[in-house]
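run23.txt follows; it contains compact mmCIF, N, CA and C atoms.
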# COMPACT_ATOMS: atom_id res chain seq x y z
N VAL A 1 4.62 -9.64 28.42
CA VAL A 1 3.49 -10.54 28.19
C VAL A 1 3.62 -11.14 26.79
N LEU A 2 3.47 -12.43 26.70
CA LEU A 2 3.45 -13.13 25.42
C LEU A 2 2.01 -13.50 25.12
N LEU A 3 1.51 -13.06 23.98
CA LEU A 3 0.16 -13.38 23.53
C LEU A 3 0.27 -14.31 22.34
N LEU A 4 -0.20 -15.53 22.49
CA LEU A 4 -0.14 -16.51 21.41
C LEU A 4 -1.48 -16.58 20.70
N GLY A 5 -1.45 -16.43 19.38
CA GLY A 5 -2.66 -16.52 18.59
C GLY A 5 -2.85 -15.29 17.72
N SER A 6 -3.71 -15.43 16.72
CA SER A 6 -3.97 -14.33 15.79
C SER A 6 -5.46 -14.09 15.58
N GLY A 7 -6.27 -14.68 16.44
CA GLY A 7 -7.71 -14.59 16.26
C GLY A 7 -8.29 -13.25 16.68
N TYR A 8 -9.61 -13.18 16.59
CA TYR A 8 -10.32 -11.92 16.83
C TYR A 8 -10.26 -11.45 18.28
N VAL A 9 -10.01 -12.33 19.22
CA VAL A 9 -9.99 -11.93 20.62
C VAL A 9 -8.65 -11.27 21.01
N VAL A 10 -7.64 -11.40 20.17
CA VAL A 10 -6.33 -10.84 20.48
C VAL A 10 -6.38 -9.32 20.62
N GLU A 11 -7.00 -8.64 19.68
CA GLU A 11 -7.00 -7.17 19.72
C GLU A 11 -7.66 -6.61 20.98
N PRO A 12 -8.83 -7.10 21.40
CA PRO A 12 -9.38 -6.56 22.65
C PRO A 12 -8.46 -6.79 23.86
N ILE A 13 -7.75 -7.90 23.87
CA ILE A 13 -6.81 -8.17 24.96
C ILE A 13 -5.66 -7.17 24.91
N VAL A 14 -5.12 -6.92 23.72
CA VAL A 14 -4.04 -5.93 23.57
C VAL A 14 -4.53 -4.56 24.03
N GLU A 15 -5.71 -4.17 23.58
CA GLU A 15 -6.27 -2.88 23.96
C GLU A 15 -6.37 -2.77 25.49
N TYR A 16 -6.76 -3.84 26.14
CA TYR A 16 -6.86 -3.87 27.59
C TYR A 16 -5.48 -3.77 28.25
N LEU A 17 -4.53 -4.56 27.77
CA LEU A 17 -3.21 -4.62 28.40
C LEU A 17 -2.43 -3.32 28.30
N VAL A 18 -2.55 -2.62 27.18
CA VAL A 18 -1.75 -1.38 27.00
C VAL A 18 -2.22 -0.27 27.93
N ARG A 19 -3.34 -0.42 28.58
CA ARG A 19 -3.81 0.58 29.54
C ARG A 19 -2.95 0.62 30.80
N TYR A 20 -2.20 -0.45 31.04
CA TYR A 20 -1.45 -0.59 32.29
C TYR A 20 0.04 -0.35 32.07
N ASP A 21 0.57 0.68 32.73
CA ASP A 21 1.99 1.01 32.60
C ASP A 21 2.90 -0.09 33.12
N MET A 22 2.40 -0.90 34.06
CA MET A 22 3.25 -1.97 34.60
C MET A 22 3.54 -3.05 33.57
N ILE A 23 2.77 -3.10 32.50
CA ILE A 23 3.05 -4.03 31.41
C ILE A 23 3.97 -3.31 30.44
N LYS A 24 5.23 -3.67 30.49
CA LYS A 24 6.26 -2.96 29.73
C LYS A 24 6.31 -3.36 28.26
N HIS A 25 6.01 -4.64 27.99
CA HIS A 25 6.12 -5.10 26.60
C HIS A 25 5.14 -6.25 26.35
N ILE A 26 4.60 -6.26 25.14
CA ILE A 26 3.70 -7.33 24.70
C ILE A 26 4.27 -7.90 23.41
N THR A 27 4.45 -9.21 23.38
CA THR A 27 4.89 -9.89 22.16
C THR A 27 3.69 -10.64 21.60
N LEU A 28 3.33 -10.33 20.37
CA LEU A 28 2.25 -11.01 19.68
C LEU A 28 2.87 -12.08 18.79
N ALA A 29 2.55 -13.32 19.05
CA ALA A 29 3.12 -14.44 18.30
C ALA A 29 1.99 -15.27 17.71
N GLY A 30 1.97 -15.33 16.39
CA GLY A 30 0.92 -16.09 15.71
C GLY A 30 1.18 -16.19 14.23
N LEU A 31 0.17 -16.65 13.54
CA LEU A 31 0.29 -16.89 12.10
C LEU A 31 0.11 -15.62 11.26
N ASP A 32 -0.62 -14.64 11.76
CA ASP A 32 -0.93 -13.44 10.99
C ASP A 32 -0.09 -12.25 11.46
N VAL A 33 1.14 -12.19 10.97
CA VAL A 33 2.07 -11.14 11.38
C VAL A 33 1.58 -9.77 10.92
N ASN A 34 0.95 -9.69 9.77
CA ASN A 34 0.44 -8.40 9.30
C ASN A 34 -0.57 -7.82 10.28
N ARG A 35 -1.46 -8.66 10.75
CA ARG A 35 -2.46 -8.22 11.73
C ARG A 35 -1.79 -7.78 13.03
N SER A 36 -0.79 -8.54 13.46
CA SER A 36 -0.05 -8.19 14.67
C SER A 36 0.68 -6.87 14.52
N GLU A 37 1.29 -6.66 13.37
CA GLU A 37 1.99 -5.40 13.12
C GLU A 37 1.03 -4.22 13.06
N ASP A 38 -0.15 -4.44 12.51
CA ASP A 38 -1.18 -3.39 12.51
C ASP A 38 -1.57 -3.02 13.94
N MET A 39 -1.71 -4.02 14.80
CA MET A 39 -2.05 -3.74 16.20
C MET A 39 -0.91 -3.00 16.90
N ALA A 40 0.33 -3.37 16.57
CA ALA A 40 1.47 -2.67 17.16
C ALA A 40 1.45 -1.20 16.76
N GLN A 41 1.16 -0.93 15.51
CA GLN A 41 1.05 0.47 15.05
C GLN A 41 -0.07 1.20 15.78
N LYS A 42 -1.19 0.55 15.92
CA LYS A 42 -2.37 1.16 16.51
C LYS A 42 -2.21 1.42 18.01
N TYR A 43 -1.59 0.49 18.72
CA TYR A 43 -1.55 0.57 20.18
C TYR A 43 -0.18 0.92 20.76
N GLY A 44 0.82 1.11 19.91
CA GLY A 44 2.11 1.54 20.41
C GLY A 44 3.25 0.61 20.08
N LYS A 45 3.89 0.88 18.97
CA LYS A 45 4.97 0.03 18.49
C LYS A 45 6.11 -0.08 19.50
N GLU A 46 6.28 0.94 20.33
CA GLU A 46 7.37 0.91 21.31
C GLU A 46 7.13 -0.15 22.40
N ARG A 47 5.90 -0.59 22.57
CA ARG A 47 5.58 -1.58 23.60
C ARG A 47 5.14 -2.92 23.04
N ILE A 48 4.99 -3.00 21.73
CA ILE A 48 4.44 -4.22 21.12
C ILE A 48 5.34 -4.68 19.99
N SER A 49 5.66 -5.97 19.99
CA SER A 49 6.40 -6.55 18.87
C SER A 49 5.61 -7.76 18.36
N SER A 50 5.91 -8.16 17.14
CA SER A 50 5.21 -9.30 16.55
C SER A 50 6.20 -10.32 16.01
N VAL A 51 5.81 -11.58 16.12
CA VAL A 51 6.65 -12.69 15.69
C VAL A 51 5.77 -13.71 14.98
N PHE A 52 6.23 -14.20 13.84
CA PHE A 52 5.51 -15.30 13.19
C PHE A 52 5.80 -16.57 13.96
N LEU A 53 4.74 -17.26 14.35
CA LEU A 53 4.90 -18.50 15.11
C LEU A 53 3.74 -19.43 14.81
N ASP A 54 4.07 -20.67 14.49
CA ASP A 54 3.07 -21.72 14.28
C ASP A 54 3.33 -22.77 15.35
N VAL A 55 2.51 -22.80 16.38
CA VAL A 55 2.75 -23.73 17.49
C VAL A 55 2.66 -25.19 17.08
N THR A 56 2.06 -25.47 15.92
CA THR A 56 1.96 -26.85 15.44
C THR A 56 3.17 -27.29 14.64
N ASN A 57 4.05 -26.36 14.30
CA ASN A 57 5.21 -26.66 13.48
C ASN A 57 6.40 -27.01 14.37
N GLU A 58 6.92 -28.20 14.21
CA GLU A 58 8.05 -28.66 15.02
C GLU A 58 9.25 -27.71 14.93
N LYS A 59 9.45 -27.10 13.77
CA LYS A 59 10.58 -26.18 13.58
C LYS A 59 10.44 -24.92 14.42
N HIS A 60 9.25 -24.60 14.89
CA HIS A 60 9.02 -23.38 15.67
C HIS A 60 9.06 -23.63 17.18
N GLN A 61 9.30 -24.87 17.59
CA GLN A 61 9.25 -25.18 19.02
C GLN A 61 10.35 -24.50 19.82
N GLN A 62 11.53 -24.35 19.23
CA GLN A 62 12.61 -23.64 19.93
C GLN A 62 12.25 -22.17 20.12
N THR A 63 11.63 -21.58 19.12
CA THR A 63 11.19 -20.20 19.24
C THR A 63 10.13 -20.07 20.32
N LEU A 64 9.19 -20.99 20.35
CA LEU A 64 8.15 -20.98 21.39
C LEU A 64 8.79 -21.13 22.77
N ASP A 65 9.73 -22.05 22.91
CA ASP A 65 10.43 -22.24 24.19
C ASP A 65 11.09 -20.94 24.64
N LYS A 66 11.78 -20.29 23.72
CA LYS A 66 12.49 -19.05 24.04
C LYS A 66 11.51 -17.95 24.44
N LEU A 67 10.43 -17.80 23.70
CA LEU A 67 9.45 -16.76 24.00
C LEU A 67 8.80 -16.99 25.37
N VAL A 68 8.46 -18.22 25.68
CA VAL A 68 7.86 -18.53 26.98
C VAL A 68 8.85 -18.21 28.09
N GLU A 69 10.11 -18.57 27.90
CA GLU A 69 11.14 -18.32 28.90
C GLU A 69 11.37 -16.83 29.13
N GLU A 70 11.28 -16.03 28.07
CA GLU A 70 11.58 -14.59 28.16
C GLU A 70 10.45 -13.76 28.76
N ASN A 71 9.26 -14.31 28.88
CA ASN A 71 8.11 -13.53 29.31
C ASN A 71 7.61 -13.98 30.68
N ASP A 72 7.12 -13.01 31.45
CA ASP A 72 6.60 -13.29 32.79
C ASP A 72 5.19 -13.89 32.74
N MET A 73 4.48 -13.60 31.66
CA MET A 73 3.10 -14.08 31.53
C MET A 73 2.87 -14.55 30.10
N VAL A 74 2.16 -15.66 29.94
CA VAL A 74 1.81 -16.18 28.62
C VAL A 74 0.29 -16.33 28.56
N LEU A 75 -0.31 -15.69 27.57
CA LEU A 75 -1.74 -15.84 27.32
C LEU A 75 -1.90 -16.63 26.03
N SER A 76 -2.45 -17.81 26.15
CA SER A 76 -2.62 -18.67 24.99
C SER A 76 -4.03 -18.46 24.42
N LEU A 77 -4.08 -17.81 23.27
CA LEU A 77 -5.34 -17.56 22.58
C LEU A 77 -5.41 -18.34 21.29
N VAL A 78 -4.67 -19.44 21.24
CA VAL A 78 -4.72 -20.35 20.09
C VAL A 78 -5.98 -21.21 20.23
N PRO A 79 -6.38 -21.89 19.16
CA PRO A 79 -7.55 -22.78 19.27
C PRO A 79 -7.36 -23.81 20.40
N ALA A 80 -8.44 -24.12 21.08
CA ALA A 80 -8.40 -24.99 22.26
C ALA A 80 -7.62 -26.30 22.07
N PRO A 81 -7.74 -26.98 20.93
CA PRO A 81 -6.98 -28.24 20.79
C PRO A 81 -5.46 -28.05 20.81
N LEU A 82 -4.99 -26.81 20.64
CA LEU A 82 -3.54 -26.55 20.61
C LEU A 82 -2.99 -26.16 21.99
N HIS A 83 -3.85 -25.93 22.97
CA HIS A 83 -3.39 -25.53 24.30
C HIS A 83 -2.41 -26.54 24.92
N PRO A 84 -2.59 -27.84 24.74
CA PRO A 84 -1.62 -28.77 25.34
C PRO A 84 -0.19 -28.56 24.83
N ILE A 85 -0.03 -28.16 23.58
CA ILE A 85 1.31 -27.89 23.04
C ILE A 85 1.95 -26.75 23.83
N VAL A 86 1.18 -25.71 24.07
CA VAL A 86 1.68 -24.54 24.80
C VAL A 86 1.90 -24.90 26.26
N ALA A 87 0.99 -25.64 26.85
CA ALA A 87 1.08 -25.98 28.26
C ALA A 87 2.33 -26.80 28.60
N ARG A 88 2.82 -27.58 27.66
CA ARG A 88 4.02 -28.38 27.89
C ARG A 88 5.26 -27.52 28.01
N LYS A 89 5.19 -26.27 27.61
CA LYS A 89 6.35 -25.39 27.64
C LYS A 89 6.49 -24.79 29.01

In structure tokens, write the structure found in this file.
Amino acid sequence: VLLLGSGYVVEPIVEYLVRYDMIKHITLAGLDVNRSEDMAQKYGKERISSVFLDVTNEKHQQTLDKLVEENDMVLSLVPAPLHPIVARK
């Protein structure tokens, strides 16, 4: 599962997802890597990784493309005006 965003709703979603063994890995991609790494420590570093990603930055588009391709599910928790950028992937 790829979780895009660093806002306050990310942690409750992570807490929910780690309850299910069928979810093997969660990638947290957003602007606040420290917060993502804290969540990985709290909920299981073996199942959670974090990546710095700015969906508005043209230089990060290849990384976004790769992350979307590598994951079976993408949850976009970025601000609503940024959803079209993610949806094009």

* To do: If you run DSSP over the backbone, which residues in chain A end up strand (DSSP E or B)? Put them as an MDAnalysis selection string.
  => chainID A and resid 2:4 26:30 48:52 74:76

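The gap separating atom C of Met22 in chain A from CA of Gly5 in chain A is 21.1 Å, in Å to one decimal.
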
* **Selected residue, from A:His83, A:His60, A:Arg47, A:Arg35, that lies nearest to Val1 in chain A when counting only C-alpha atoms** =>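 When distances to Val1 in chain A are compared using only C-alpha atoms, the smallest one comes from A:Arg47.
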
* Asked: Using only C-alpha atoms, which of A:Leu2, A:Met39, A:Val9, A:Val18 sits nearest Val86 in chain A?
  -> A:Leu2

* CA of Ser76 in chain A to CA of Tyr8 in chain A: how many Å, to one decimal? ->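 A separation of 13.1 Å between them.
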
* Structure fact -> Residue with the minimum atom-to-atom distance to Thr27 in chain A, picked from A:Ala40, A:Val68, A:Ala80, A:Ile48 with only N, CA and C atoms counted, is A:Ile48

* To do: Would you list, as a ChimeraX atom specification, the residues of chain A that end up in alpha helix (DSSP H) under DSSP run on this structure's backbone?
  => /A:10-17,33-43,61-70,83-87

* Pick out the closest residue to Ser6 in chain A from this set: A:Thr56, A:Gln41, A:Ser50, A:Asn71. Count only C-alpha atoms. =>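 Comparing A:Thr56, A:Gln41, A:Ser50, A:Asn71 against Ser6 in chain A, the winner is A:Ser50.
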
* Asked: Hey, what's within 8 Å of range 64-66 of chain A if we count only N, CA and C atoms and toss same-chain stuff fewer than 5 positions away? As a list in words, please?
  -> Leu53, Asp54, Val55, Lys59, Asn71 and Lys89 of chain A

* Spatial neighbours of Val51 in chain A, 5 Å, all atoms listed in the file, chain gap at least 3 places, as a list in words ->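 Final neighbour list, sorted by chain and number: Leu28, Ala29 and Gly30 of chain A.
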
Please produce an output containing N, CA and C atoms for each residue in the selection, written as a PDB file, in the coordinates of the input.
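Final output, saved to selection06.pdb:
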ATOM      1  N   LEU A  28       3.330 -10.330  20.370  1.00  0.00           N
ATOM      2  CA  LEU A  28       2.250 -11.010  19.680  1.00  0.00           C
ATOM      3  C   LEU A  28       2.870 -12.080  18.790  1.00  0.00           C
ATOM      4  N   ALA A  29       2.550 -13.320  19.050  1.00  0.00           N
ATOM      5  CA  ALA A  29       3.120 -14.440  18.300  1.00  0.00           C
ATOM      6  C   ALA A  29       1.990 -15.270  17.710  1.00  0.00           C
ATOM      7  N   GLY A  30       1.970 -15.330  16.390  1.00  0.00           N
ATOM      8  CA  GLY A  30       0.920 -16.090  15.710  1.00  0.00           C
ATOM      9  C   GLY A  30       1.180 -16.190  14.230  1.00  0.00           C
TER      10      GLY A  30
END

* Go ahead and compute the interatomic distance for atom N of Leu3 in chain A and atom N of Val74 in chain A, in Å to one decimal. =>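 We find that atom N of Leu3 in chain A and atom N of Val74 in chain A lie 6.5 Å from each other.
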
* **Given all atoms listed in the file as the counted atoms, nearest of A:Val33, A:Val78, A:Met73, A:Ile23 to Leu4 in chain A** => A:Val78

* Asked: Smallest atom-to-atom distance to Glu46 in chain A: which of A:Ala87, A:Leu77, A:Ile26, A:Leu82, using all atoms listed in the file?
  -> A:Ile26

Taking all atoms of range 68-77 of chain A that the file lists and extending 4 Å past them on each side, where is the centre of the axis-aligned box and how long are its edges? Answer in Å to one decimal, as lines of an AutoDock Vina configuration file.
center_x = 3.1
center_y = -15.8
center_z = 27.0
size_x = 25.0
size_y = 13.7
size_z = 19.5
